[in-house]
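Engineer: Input structure: model.tsv, which contains TSV, C-alpha atoms.
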chain	number	residue	atom	x	y	z
A	1	MET	CA	15.66	55.43	-16.49
A	2	LYS	CA	12.27	57.07	-16.88
A	3	LEU	CA	12.96	59.18	-13.79
A	4	VAL	CA	16.20	60.50	-15.31
A	5	ARG	CA	14.31	61.32	-18.51
A	6	ILE	CA	11.64	63.19	-16.57
A	7	ILE	CA	14.26	65.20	-14.66
A	8	VAL	CA	16.18	66.12	-17.83
A	9	GLN	CA	12.98	67.12	-19.63
A	10	ILE	CA	11.81	69.25	-16.69
A	11	ALA	CA	15.24	70.92	-16.75
A	12	ALA	CA	14.60	71.64	-20.44
A	13	LEU	CA	11.23	73.22	-19.52
A	14	PHE	CA	13.06	75.40	-16.98
A	15	ILE	CA	15.50	76.50	-19.69
A	16	ILE	CA	12.67	77.32	-22.15
A	17	SER	CA	10.91	79.30	-19.41
A	18	PHE	CA	14.18	81.14	-18.74
A	19	ILE	CA	14.61	81.90	-22.45
A	20	GLY	CA	11.04	83.24	-22.48
A	21	GLU	CA	11.90	85.48	-19.54
A	22	GLU	CA	15.01	86.75	-21.36
A	23	VAL	CA	13.02	87.45	-24.55
A	24	ARG	CA	10.50	89.33	-22.44
A	25	SER	CA	13.04	91.61	-20.81
A	26	LEU	CA	14.98	92.04	-24.06
A	27	PHE	CA	11.92	93.37	-25.94
A	28	ASN	CA	10.27	94.81	-22.82
A	29	LEU	CA	7.04	92.85	-23.49
A	30	PRO	CA	4.03	92.96	-21.13
A	31	ILE	CA	3.48	89.18	-21.62
A	32	PRO	CA	4.80	86.80	-18.91
A	33	GLY	CA	8.02	85.01	-19.90
A	34	SER	CA	6.44	81.61	-19.29
A	35	ILE	CA	3.77	82.35	-21.93
A	36	ILE	CA	6.52	83.28	-24.42
A	37	GLY	CA	8.15	79.95	-23.52
A	38	LEU	CA	4.81	78.16	-24.13
A	39	ILE	CA	4.53	79.75	-27.58
A	40	LEU	CA	8.19	78.90	-28.39
A	41	LEU	CA	7.68	75.25	-27.39
A	42	PHE	CA	4.39	75.03	-29.31
A	43	PHE	CA	6.00	76.29	-32.50
A	44	GLY	CA	9.06	74.13	-31.91
A	45	LEU	CA	6.82	71.07	-31.83
A	46	SER	CA	4.59	72.26	-34.68
A	47	PHE	CA	7.53	72.85	-37.03
A	48	ASN	CA	9.16	69.57	-36.02
A	49	LEU	CA	12.30	71.24	-34.71
A	50	PHE	CA	12.46	68.36	-32.21
A	51	PRO	CA	10.30	65.28	-31.62
A	52	GLU	CA	7.41	65.19	-29.16
A	53	LYS	CA	9.23	62.44	-27.22
A	54	TRP	CA	11.86	64.93	-26.07
A	55	ILE	CA	9.34	66.71	-23.88
A	56	GLU	CA	6.43	64.27	-23.38
A	57	ASP	CA	7.28	62.60	-20.04
A	58	GLY	CA	8.50	65.78	-18.37
A	59	ALA	CA	5.47	67.79	-19.50
A	60	LYS	CA	3.02	65.10	-18.36
A	61	PHE	CA	4.74	64.83	-15.00
A	62	ILE	CA	4.88	68.56	-14.27
A	63	LEU	CA	1.25	69.06	-15.38
A	64	ALA	CA	0.07	66.20	-13.17
A	65	TYR	CA	1.46	68.10	-10.17
A	66	LEU	CA	0.42	71.57	-11.41
A	67	PRO	CA	-2.01	72.28	-8.52
A	68	MET	CA	0.74	71.61	-5.96
A	69	PHE	CA	2.85	74.48	-7.30
A	70	PHE	CA	0.04	76.93	-6.47
A	71	ILE	CA	0.09	76.19	-2.74
A	72	PRO	CA	2.90	78.52	-1.55
A	73	ALA	CA	1.61	81.49	-3.56
A	74	THR	CA	-1.99	80.88	-2.45
A	75	ALA	CA	-0.93	80.63	1.18
A	76	GLY	CA	0.16	84.27	0.72
A	77	VAL	CA	-3.47	85.16	1.41
A	78	ILE	CA	-2.41	84.94	5.07
A	79	GLN	CA	-0.99	88.45	4.60
A	80	TYR	CA	-4.42	89.83	3.75
A	81	PRO	CA	-6.76	89.01	6.64
A	82	SER	CA	-9.15	91.72	5.36
A	83	LEU	CA	-10.32	89.26	2.69
A	84	LEU	CA	-12.16	87.40	5.43
A	85	SER	CA	-14.22	90.50	6.31
A	86	PHE	CA	-17.51	91.73	4.83
A	87	SER	CA	-15.80	93.68	2.02
A	88	GLY	CA	-13.81	90.53	1.27
A	89	ALA	CA	-17.06	88.60	0.91
A	90	VAL	CA	-18.33	91.22	-1.56
A	91	LEU	CA	-15.22	90.69	-3.69
A	92	VAL	CA	-15.79	86.95	-3.68
A	93	VAL	CA	-19.41	87.42	-4.79
A	94	VAL	CA	-18.29	89.70	-7.65
A	95	VAL	CA	-15.78	87.09	-8.81
A	96	ILE	CA	-18.40	84.32	-8.68
A	97	ILE	CA	-20.99	86.28	-10.71
A	98	SER	CA	-18.37	87.36	-13.25
A	99	SER	CA	-17.06	83.80	-13.60
A	100	LEU	CA	-20.56	82.42	-14.22
A	101	ALA	CA	-21.11	85.07	-16.92
A	102	THR	CA	-17.75	84.10	-18.43
A	103	MET	CA	-18.67	80.42	-18.60
A	104	ALA	CA	-22.05	81.16	-20.15
A	105	ALA	CA	-20.55	83.51	-22.77
A	106	ALA	CA	-17.63	81.24	-23.72
A	107	GLY	CA	-19.81	78.14	-23.97
A	108	SER	CA	-22.70	79.78	-25.82
A	109	VAL	CA	-20.53	81.62	-28.34
A	110	SER	CA	-18.54	78.48	-29.17
A	111	GLU	CA	-21.79	76.52	-29.60
A	112	PHE	CA	-23.11	79.25	-31.88
A	113	PHE	CA	-20.05	79.10	-34.14
A	114	GLN	CA	-20.08	75.33	-34.02
A	115	ARG	CA	-23.61	75.22	-35.39
A	116	HIS	CA	-22.34	77.30	-38.29
A	117	ASP	CA	-19.47	74.91	-38.85
A	118	LYS	CA	-19.97	72.56	-41.74
A	119	GLU	CA	-18.95	69.50	-39.79
A	120	GLY	CA	-20.97	70.14	-36.66
A	121	GLU	CA	-19.77	66.85	-35.18
A	122	ARG	CA	-20.52	66.31	-31.54
B	1	MET	CA	18.60	75.55	4.35
B	2	ILE	CA	17.21	72.92	6.75
B	3	GLN	CA	14.25	75.21	7.32
B	4	ALA	CA	13.62	75.61	3.58
B	5	THR	CA	13.88	71.87	2.98
B	6	PHE	CA	11.43	71.27	5.80
B	7	MET	CA	8.90	73.69	4.26
B	8	VAL	CA	9.17	71.91	0.90
B	9	ILE	CA	8.71	68.47	2.46
B	10	LEU	CA	5.79	69.75	4.53
B	11	THR	CA	4.01	71.18	1.47
B	12	VAL	CA	4.62	68.19	-0.79
B	13	GLY	CA	3.68	65.77	2.00
B	14	ILE	CA	0.41	67.56	2.74
B	15	PHE	CA	-0.45	67.68	-0.96
B	16	LEU	CA	0.18	63.95	-1.47
B	17	VAL	CA	-1.90	63.01	1.58
B	18	MET	CA	-4.73	65.34	0.52
B	19	GLY	CA	-4.59	63.80	-2.96
B	20	ARG	CA	-5.29	60.42	-1.36
B	21	VAL	CA	-8.12	61.84	0.71
B	22	TYR	CA	-9.70	63.29	-2.46
B	23	ARG	CA	-9.46	59.98	-4.32
B	24	ARG	CA	-11.35	58.35	-1.43
B	25	LEU	CA	-13.91	61.17	-1.10
B	26	PRO	CA	-14.19	62.94	-4.48
B	27	ASN	CA	-16.12	65.97	-3.24
B	28	PRO	CA	-15.43	69.38	-4.90
B	29	VAL	CA	-14.80	70.93	-1.49
B	30	LEU	CA	-12.01	68.41	-0.87
B	31	VAL	CA	-9.95	69.27	-3.99
B	32	PRO	CA	-6.28	68.82	-2.92
B	33	VAL	CA	-5.21	72.42	-3.71
B	34	LEU	CA	-7.90	73.81	-1.44
B	35	THR	CA	-7.46	71.43	1.51
B	36	SER	CA	-3.65	71.59	1.29
B	37	THR	CA	-3.61	75.39	1.23
B	38	VAL	CA	-6.00	75.58	4.19
B	39	LEU	CA	-3.80	73.13	6.11
B	40	VAL	CA	-0.58	75.03	5.29
B	41	VAL	CA	-2.18	78.33	6.36
B	42	ALA	CA	-3.50	76.69	9.54
B	43	ILE	CA	-0.03	75.33	10.39
B	44	LEU	CA	1.57	78.74	9.80
B	45	LEU	CA	-1.01	80.40	12.05
B	46	VAL	CA	-0.92	77.80	14.84
B	47	PHE	CA	2.89	77.68	15.05
B	48	ASN	CA	3.18	81.40	14.44
B	49	ILE	CA	5.46	80.97	11.41
B	50	PRO	CA	5.75	84.18	9.31
B	51	TYR	CA	4.90	83.82	5.61
B	52	GLU	CA	8.44	84.97	4.72
B	53	THR	CA	9.90	82.04	6.69
B	54	TYR	CA	7.59	79.62	4.92
B	55	MET	CA	8.57	81.09	1.55
B	56	THR	CA	12.28	80.27	2.07
B	57	GLY	CA	11.15	76.80	0.98
B	58	GLY	CA	7.92	77.84	-0.71
B	59	GLN	CA	9.80	79.77	-3.39
B	60	TRP	CA	11.40	76.51	-4.58
B	61	ILE	CA	7.95	75.11	-5.29
B	62	ASP	CA	6.92	78.48	-6.72
B	63	SER	CA	9.75	78.29	-9.25
B	64	PHE	CA	8.04	75.33	-10.95
B	65	LEU	CA	5.13	77.55	-12.07
B	66	GLY	CA	7.04	78.96	-15.06
B	67	PRO	CA	8.10	75.60	-16.55
B	68	ALA	CA	4.61	74.22	-15.82
B	69	VAL	CA	3.09	76.95	-18.01
B	70	VAL	CA	5.61	76.14	-20.74
B	71	ALA	CA	4.54	72.47	-20.47
B	72	LEU	CA	0.97	73.47	-21.43
B	73	ALA	CA	2.29	73.66	-25.00
B	74	TYR	CA	2.35	69.86	-25.03
B	75	PRO	CA	-1.41	69.15	-24.59
B	76	MET	CA	-2.10	72.06	-26.94
B	77	TYR	CA	0.17	70.49	-29.57
B	78	ARG	CA	-1.53	67.11	-29.09
B	79	GLN	CA	-4.88	68.76	-29.80
B	80	ARG	CA	-3.67	70.68	-32.87
B	81	GLU	CA	-5.94	68.74	-35.28
B	82	VAL	CA	-9.08	69.46	-33.24
B	83	LEU	CA	-7.91	73.07	-32.94
B	84	LYS	CA	-7.47	73.36	-36.68
B	85	ALA	CA	-10.82	71.73	-37.44
B	86	HIS	CA	-12.72	73.99	-35.00
B	87	MET	CA	-10.74	77.20	-35.27
B	88	MET	CA	-13.75	79.55	-35.19
B	89	PRO	CA	-15.71	78.14	-32.24
B	90	VAL	CA	-12.52	77.80	-30.20
B	91	ILE	CA	-11.07	81.25	-30.89
B	92	PHE	CA	-14.36	83.15	-30.63
B	93	GLY	CA	-15.53	81.17	-27.62
B	94	VAL	CA	-12.31	81.92	-25.77
B	95	LEU	CA	-12.36	85.60	-26.77
B	96	ALA	CA	-16.02	85.95	-25.75
B	97	GLY	CA	-15.18	84.39	-22.39
B	98	LEU	CA	-12.17	86.63	-21.89
B	99	CYS	CA	-14.02	89.85	-22.78
B	100	THR	CA	-16.91	88.85	-20.50
B	101	ALA	CA	-14.49	88.06	-17.67
B	102	LEU	CA	-12.79	91.45	-18.00
B	103	GLY	CA	-15.95	93.49	-18.68
B	104	SER	CA	-18.30	91.91	-16.15
B	105	GLY	CA	-15.58	91.92	-13.49
B	106	LEU	CA	-15.13	95.67	-13.87
B	107	LEU	CA	-18.89	96.32	-14.14
B	108	PHE	CA	-19.89	94.38	-11.02
B	109	ALA	CA	-16.88	95.65	-9.07
B	110	ARG	CA	-17.90	99.26	-9.84
B	111	MET	CA	-21.54	98.46	-8.94
B	112	PHE	CA	-20.47	97.12	-5.54
B	113	GLY	CA	-18.04	100.00	-4.97
B	114	VAL	CA	-14.89	97.88	-4.95
B	115	ASP	CA	-11.60	99.77	-4.46
B	116	ARG	CA	-9.07	100.21	-7.27
B	117	ALA	CA	-6.40	97.82	-5.97
B	118	SER	CA	-8.98	95.05	-5.68
B	119	ILE	CA	-10.37	95.74	-9.17
B	120	LEU	CA	-6.86	95.54	-10.64
B	121	SER	CA	-6.20	92.33	-8.72
B	122	MET	CA	-9.42	90.95	-10.18
B	123	VAL	CA	-8.53	91.58	-13.85
B	124	PRO	CA	-6.51	88.36	-14.41
B	125	LYS	CA	-8.89	86.11	-12.39
B	126	SER	CA	-9.87	83.91	-15.34
B	127	LEU	CA	-6.22	83.19	-16.26
B	128	THR	CA	-4.38	80.19	-14.90
B	129	THR	CA	-2.62	81.14	-11.63
B	130	PRO	CA	1.02	81.01	-12.85
B	131	VAL	CA	0.08	83.52	-15.58
B	132	ALA	CA	-2.32	85.55	-13.43
B	133	ILE	CA	0.49	86.30	-10.93
B	134	PRO	CA	2.87	88.12	-13.32
B	135	VAL	CA	-0.07	89.83	-15.11
B	136	SER	CA	-1.34	91.12	-11.77
B	137	SER	CA	2.02	92.63	-10.80
B	138	GLU	CA	2.40	94.06	-14.32
B	139	ILE	CA	-0.87	96.03	-14.05
B	140	GLY	CA	-0.40	97.06	-10.41
B	141	GLY	CA	-2.63	94.54	-8.69
B	142	ILE	CA	-1.81	92.60	-5.51
B	143	PRO	CA	-0.65	89.12	-6.61
B	144	SER	CA	-1.76	87.33	-3.43
B	145	MET	CA	-5.26	88.75	-3.82
B	146	THR	CA	-5.26	87.78	-7.49
B	147	ILE	CA	-4.45	84.21	-6.50
B	148	VAL	CA	-7.45	84.12	-4.18
B	149	PHE	CA	-9.67	85.49	-6.97
B	150	THR	CA	-8.38	82.94	-9.50
B	151	MET	CA	-9.07	80.21	-6.94
B	152	VAL	CA	-12.62	81.50	-6.45
B	153	ALA	CA	-13.07	81.61	-10.24
B	154	GLY	CA	-11.81	78.03	-10.42
B	155	PHE	CA	-14.09	76.73	-7.70
B	156	THR	CA	-17.06	78.54	-9.21
B	157	GLY	CA	-16.55	76.35	-12.27
B	158	ILE	CA	-16.15	73.18	-10.25
B	159	ILE	CA	-19.19	73.78	-8.02
B	160	PHE	CA	-21.66	75.66	-10.27
B	161	GLY	CA	-20.27	74.75	-13.71
B	162	PRO	CA	-22.30	71.57	-14.26
B	163	LEU	CA	-25.57	73.38	-13.46
B	164	LEU	CA	-24.68	76.39	-15.62
B	165	VAL	CA	-23.70	74.28	-18.61
B	166	LYS	CA	-27.01	72.43	-18.34
B	167	SER	CA	-29.20	75.52	-17.95
B	168	PHE	CA	-27.53	77.26	-20.90
B	169	ARG	CA	-27.93	74.08	-22.98
B	170	ILE	CA	-24.23	73.84	-23.75
B	171	LYS	CA	-24.23	70.25	-24.93
B	172	SER	CA	-21.19	69.70	-27.14
B	173	SER	CA	-17.91	68.51	-25.66
B	174	LEU	CA	-16.29	71.47	-27.43
B	175	GLY	CA	-18.65	74.06	-25.92
B	176	ARG	CA	-18.43	72.57	-22.43
B	177	GLY	CA	-14.66	72.34	-22.54
B	178	ILE	CA	-14.37	75.96	-23.67
B	179	ALA	CA	-16.81	77.08	-20.95
B	180	PHE	CA	-14.84	75.35	-18.19
B	181	GLY	CA	-11.38	76.31	-19.47
B	182	SER	CA	-12.22	79.96	-20.20
B	183	ALA	CA	-13.72	80.75	-16.82
B	184	SER	CA	-12.06	78.30	-14.45
B	185	HIS	CA	-8.62	77.43	-15.95
B	186	ALA	CA	-6.86	74.40	-14.41
B	187	LEU	CA	-9.49	73.75	-11.73
B	188	GLY	CA	-12.27	73.82	-14.32
B	189	THR	CA	-10.23	71.48	-16.49
B	190	SER	CA	-10.02	68.98	-13.64
B	191	LYS	CA	-13.84	69.05	-13.49
B	192	ALA	CA	-14.10	68.82	-17.30
B	193	PHE	CA	-12.41	65.40	-17.09
B	194	GLU	CA	-15.69	64.08	-15.66
B	195	TYR	CA	-17.33	64.79	-19.05
B	196	GLY	CA	-14.66	62.82	-20.89
B	197	GLU	CA	-11.24	63.16	-22.49
B	198	ARG	CA	-12.34	65.46	-25.32
B	199	THR	CA	-14.10	67.98	-23.03
B	200	ALA	CA	-11.02	68.00	-20.80
B	201	SER	CA	-8.60	68.56	-23.67
B	202	MET	CA	-10.74	71.38	-25.07
B	203	SER	CA	-10.79	72.87	-21.58
B	204	SER	CA	-7.01	72.71	-21.29
B	205	VAL	CA	-6.62	74.25	-24.74
B	206	SER	CA	-8.99	77.12	-23.83
B	207	MET	CA	-7.16	77.61	-20.56
B	208	SER	CA	-3.87	77.98	-22.46
B	209	LEU	CA	-5.41	80.29	-25.06
B	210	THR	CA	-7.11	82.38	-22.34
B	211	ALA	CA	-3.70	82.71	-20.65
B	212	ILE	CA	-2.01	83.77	-23.91
B	213	PHE	CA	-4.70	86.24	-25.02
B	214	GLY	CA	-5.37	87.42	-21.47
B	215	SER	CA	-1.75	88.32	-20.80
B	216	VAL	CA	-2.05	90.77	-23.72
B	217	LEU	CA	-5.69	91.88	-23.39
B	218	GLY	CA	-5.58	92.27	-19.57
B	219	PRO	CA	-3.00	95.08	-19.52
B	220	LEU	CA	-4.62	96.60	-22.65
B	221	PHE	CA	-8.03	96.57	-20.93
B	222	VAL	CA	-6.63	98.33	-17.85
B	223	TRP	CA	-5.02	100.98	-20.04
B	224	LEU	CA	-8.15	101.49	-22.21
B	225	PHE	CA	-10.54	101.91	-19.29
B	226	HIS	CA	-8.11	103.96	-17.15
B	227	ILE	CA	-8.69	101.69	-14.15
In C-alpha cells, what does this structure look like?
Structural biologist:
Amino acid sequence: MKLVRIIVQIAALFIISFIGEEVRSLFNLPIPGSIIGLILLFFGLSFNLFPEKWIEDGAKFILAYLPMFFIPATAGVIQYPSLLSFSGAVLVVVVIISSLATMAAAGSVSEFFQRHDKEGER
Amino acid sequence: MIQATFMVILTVGIFLVMGRVYRRLPNPVLVPVLTSTVLVVAILLVFNIPYETYMTGGQWIDSFLGPAVVALAYPMYRQREVLKAHMMPVIFGVLAGLCTALGSGLLFARMFGVDRASILSMVPKSLTTPVAIPVSSEIGGIPSMTIVFTMVAGFTGIIFGPLLVKSFRIKSSLGRGIAFGSASHALGTSKAFEYGERTASMSSVSMSLTAIFGSVLGPLFVWLFHI
C-alpha cells in the first residue's frame, strides 16, 4: 500500500514539475521550471491547500535517492576528456578555492546576524 | 528498449551496491555518487559504449531530477518555523555565500586565464545539480562541465568543510548548516548530517534557497559583468 502511495505521490511531483515548466515557457522566465514547481509546492503546503501527508512519502523517497539521479548527467563528462588535462586541473583548483570562500562567507555572515538576533539560541 | 532498460538497471544496480560499500566504509572518497559515476564511465570506456547509447536509458533516470527539485519544498516546509525565527541569518548567510560563489569564481577564473565557456559553466557551481544544469544552458555554459564543477564544489565541502568550519569558528548548527548548504548543496548536506539533524536541515534549506536565488542571480550576474 505504501509503495502505491509513493508512486502516486512521485507522479504528482512529476506533474508539479511539468506545471512549473509550462509556467516558465508561458512567461518566458529565466528560472528553471523545477524551481517554479518547488515554489508552487511550498506555497501550496504553507497555505494549507492540501495536507502534508499528500506529498510526504513520495518526497522522502525521491530525496533519499537524489544522488542516483545525478549519475547519467555526470557521466557526460566522458565527452570532455580535456578536463583531465593540466588546464582541467586549473579549473578544478579555481572551483575548490571559490567553494571554500563561499563556505566561509555564508557561515560567517549567518553567525554575525545570529549574534545580533535577540534569541541567539544555539 | 531492451538497451535502455539495461542501462537503467546497470545504473541503479551500481548505485545500490556502492551505497552498501559506503555504509561499510564511510570514507568521503567512497560517496556512492562518486564511485558509481566512476564505475559507469569505466564501463562505457571499457566496452566502448557511446554516451548517446548510454543515455537512451540514462535519460529516464535524468527525468527524475525535476520532480526531485520540486520535492525539496517538503523539507523546507518542515523547517518553516526555524526559517521564520532566523530569517535574517538564513537569508543574508545564503546571499553572502551566493555572491561570494559568483564573484570569487569569476575573479579566480580571470586570474588563472580561464576561457569564457569554462567561466560560464562555472557560474552555477554552488547550485544543486538539477538546477545548475538548466541554469548553465540558459547562460551559455556547457552543462556536462557544470556538473563536474558542482561535483567538485560538493566534494570540497565534504572533504575540507569540517576543517574550514572549525578554523573560521563557525560553531552554531545554523551557521554550519548554511555554510555546507550554500557552498556544497546536496553533497554538503549529506556531510552536515554528521553534525546532527538541525545542521542538516539548515543545510538543505540553504541549498534550496541557493538554488532559488541562484537561478535568478546567476543569469543576472552574467549579464551585469558581460561575461
Engineer: Using all atoms listed in the file, which residue out of B:Leu163, B:Leu98, B:Val222, B:Ser121 lies closest to chain A?
Structural biologist: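 Among the listed residues, the smallest separation from chain A belongs to B:Leu98.
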Engineer: Leaving out Glu81 of chain B and any residue of its chain fewer than 6 positions from it, which residues lie within 12 Å of it when counting all atoms listed in the file, given as an mmCIF file with C-alpha atoms, in the frame of the given file?
Structural biologist:
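File produced: result11.cif:
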data_model
loop_
_atom_site.group_PDB
_atom_site.id
_atom_site.type_symbol
_atom_site.label_atom_id
_atom_site.label_comp_id
_atom_site.auth_asym_id
_atom_site.auth_seq_id
_atom_site.Cartn_x
_atom_site.Cartn_y
_atom_site.Cartn_z
ATOM 1 C CA SER A 46 4.590 72.260 -34.680
ATOM 2 C CA PRO B 75 -1.410 69.150 -24.590
ATOM 3 C CA MET B 87 -10.740 77.200 -35.270
ATOM 4 C CA SER B 201 -8.600 68.560 -23.670
ATOM 5 C CA MET B 202 -10.740 71.380 -25.070
ATOM 6 C CA VAL B 205 -6.620 74.250 -24.740
#
Engineer: For a quick check of understanding, using only C-alpha atoms, which of B:Ser118, B:Ser215, B:Thr129, B:Asn48 has the smallest distance to Ala68 of chain B?
Structural biologist: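 For Ala68 of chain B, the nearest of the candidates is B:Thr129.
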Engineer: Here is a test: counting only C-alpha atoms, which residue of B:Met76, B:Val17, B:Ala200, B:Val82 is nearest to chain A?
Structural biologist: B:Met76
Engineer: Smallest atom-to-atom distance to Ser206 of chain B: which of B:Trp60, B:Phe149, B:Phe92, B:Phe155, using all atoms listed in the file?
Structural biologist: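 The shortest atom-to-atom distance to Ser206 of chain B comes from B:Phe92.
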Engineer: When you look at segment 95-98 of chain A with a cut-off of 8 Å (counting all atoms listed in the file), what residues show up, excluding the ones that are within fewer than 2 positions of it in the same chain? I need them as a list of chain:residue names.
Structural biologist: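 The filter keeps A:Leu91, A:Val92, A:Val93, A:Leu100, A:Ala101, A:Thr102, B:Thr100, B:Ala101, B:Ser104, B:Gly105, B:Phe108, B:Met122, B:Lys125, B:Phe149, B:Val152, B:Ala153, B:Thr156.
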Engineer: So the first atom is atom CA of Gly177 of chain B and the second is atom CA of Tyr195 of chain B; what is the distance between them in Å, to one decimal place?
Structural biologist: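 Spanning atom CA of Gly177 of chain B to atom CA of Tyr195 of chain B is a straight-line distance of 8.7 Å.
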Engineer: Counting only C-alpha atoms, which residue out of A:Ser99, A:Ser25, A:Ser108, A:Asn48 sits closest to Ala183 of chain B?
Structural biologist: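 Smallest distance to Ala183 of chain B is found for A:Ser99.
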Engineer: Between atom CA of Thr189 of chain B and atom CA of Lys84 of chain B, measure the distance and give it in Å to one decimal.
Structural biologist: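 Value for the atom CA of Thr189 of chain B-atom CA of Lys84 of chain B distance: 20.5 Å.
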Engineer: Would you mind telling me which residue in A:Ala104, A:Gln114, A:Leu45, A:Phe61 lies nearest to Arg80 of chain B when using only C-alpha atoms?
Structural biologist: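 Of A:Ala104, A:Gln114, A:Leu45, A:Phe61, the one nearest Arg80 of chain B is A:Leu45, counting only C-alpha atoms.
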Engineer: Rounded to one decimal place, report the atom CA of Met111 of chain B-atom CA of Ile227 of chain B distance in Å.
Structural biologist: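 These two atoms are separated by 14.2 Å.
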Engineer: Can you pull out every residue within 10 Å of Ala211 of chain B, counting only C-alpha atoms, but drop anything in the same chain fewer than 5 positions away, and send it as a ChimeraX atom specification?
Structural biologist: /A:31-32,35 /B:69,98,124,126-132,135,182,185,205-206,216-218
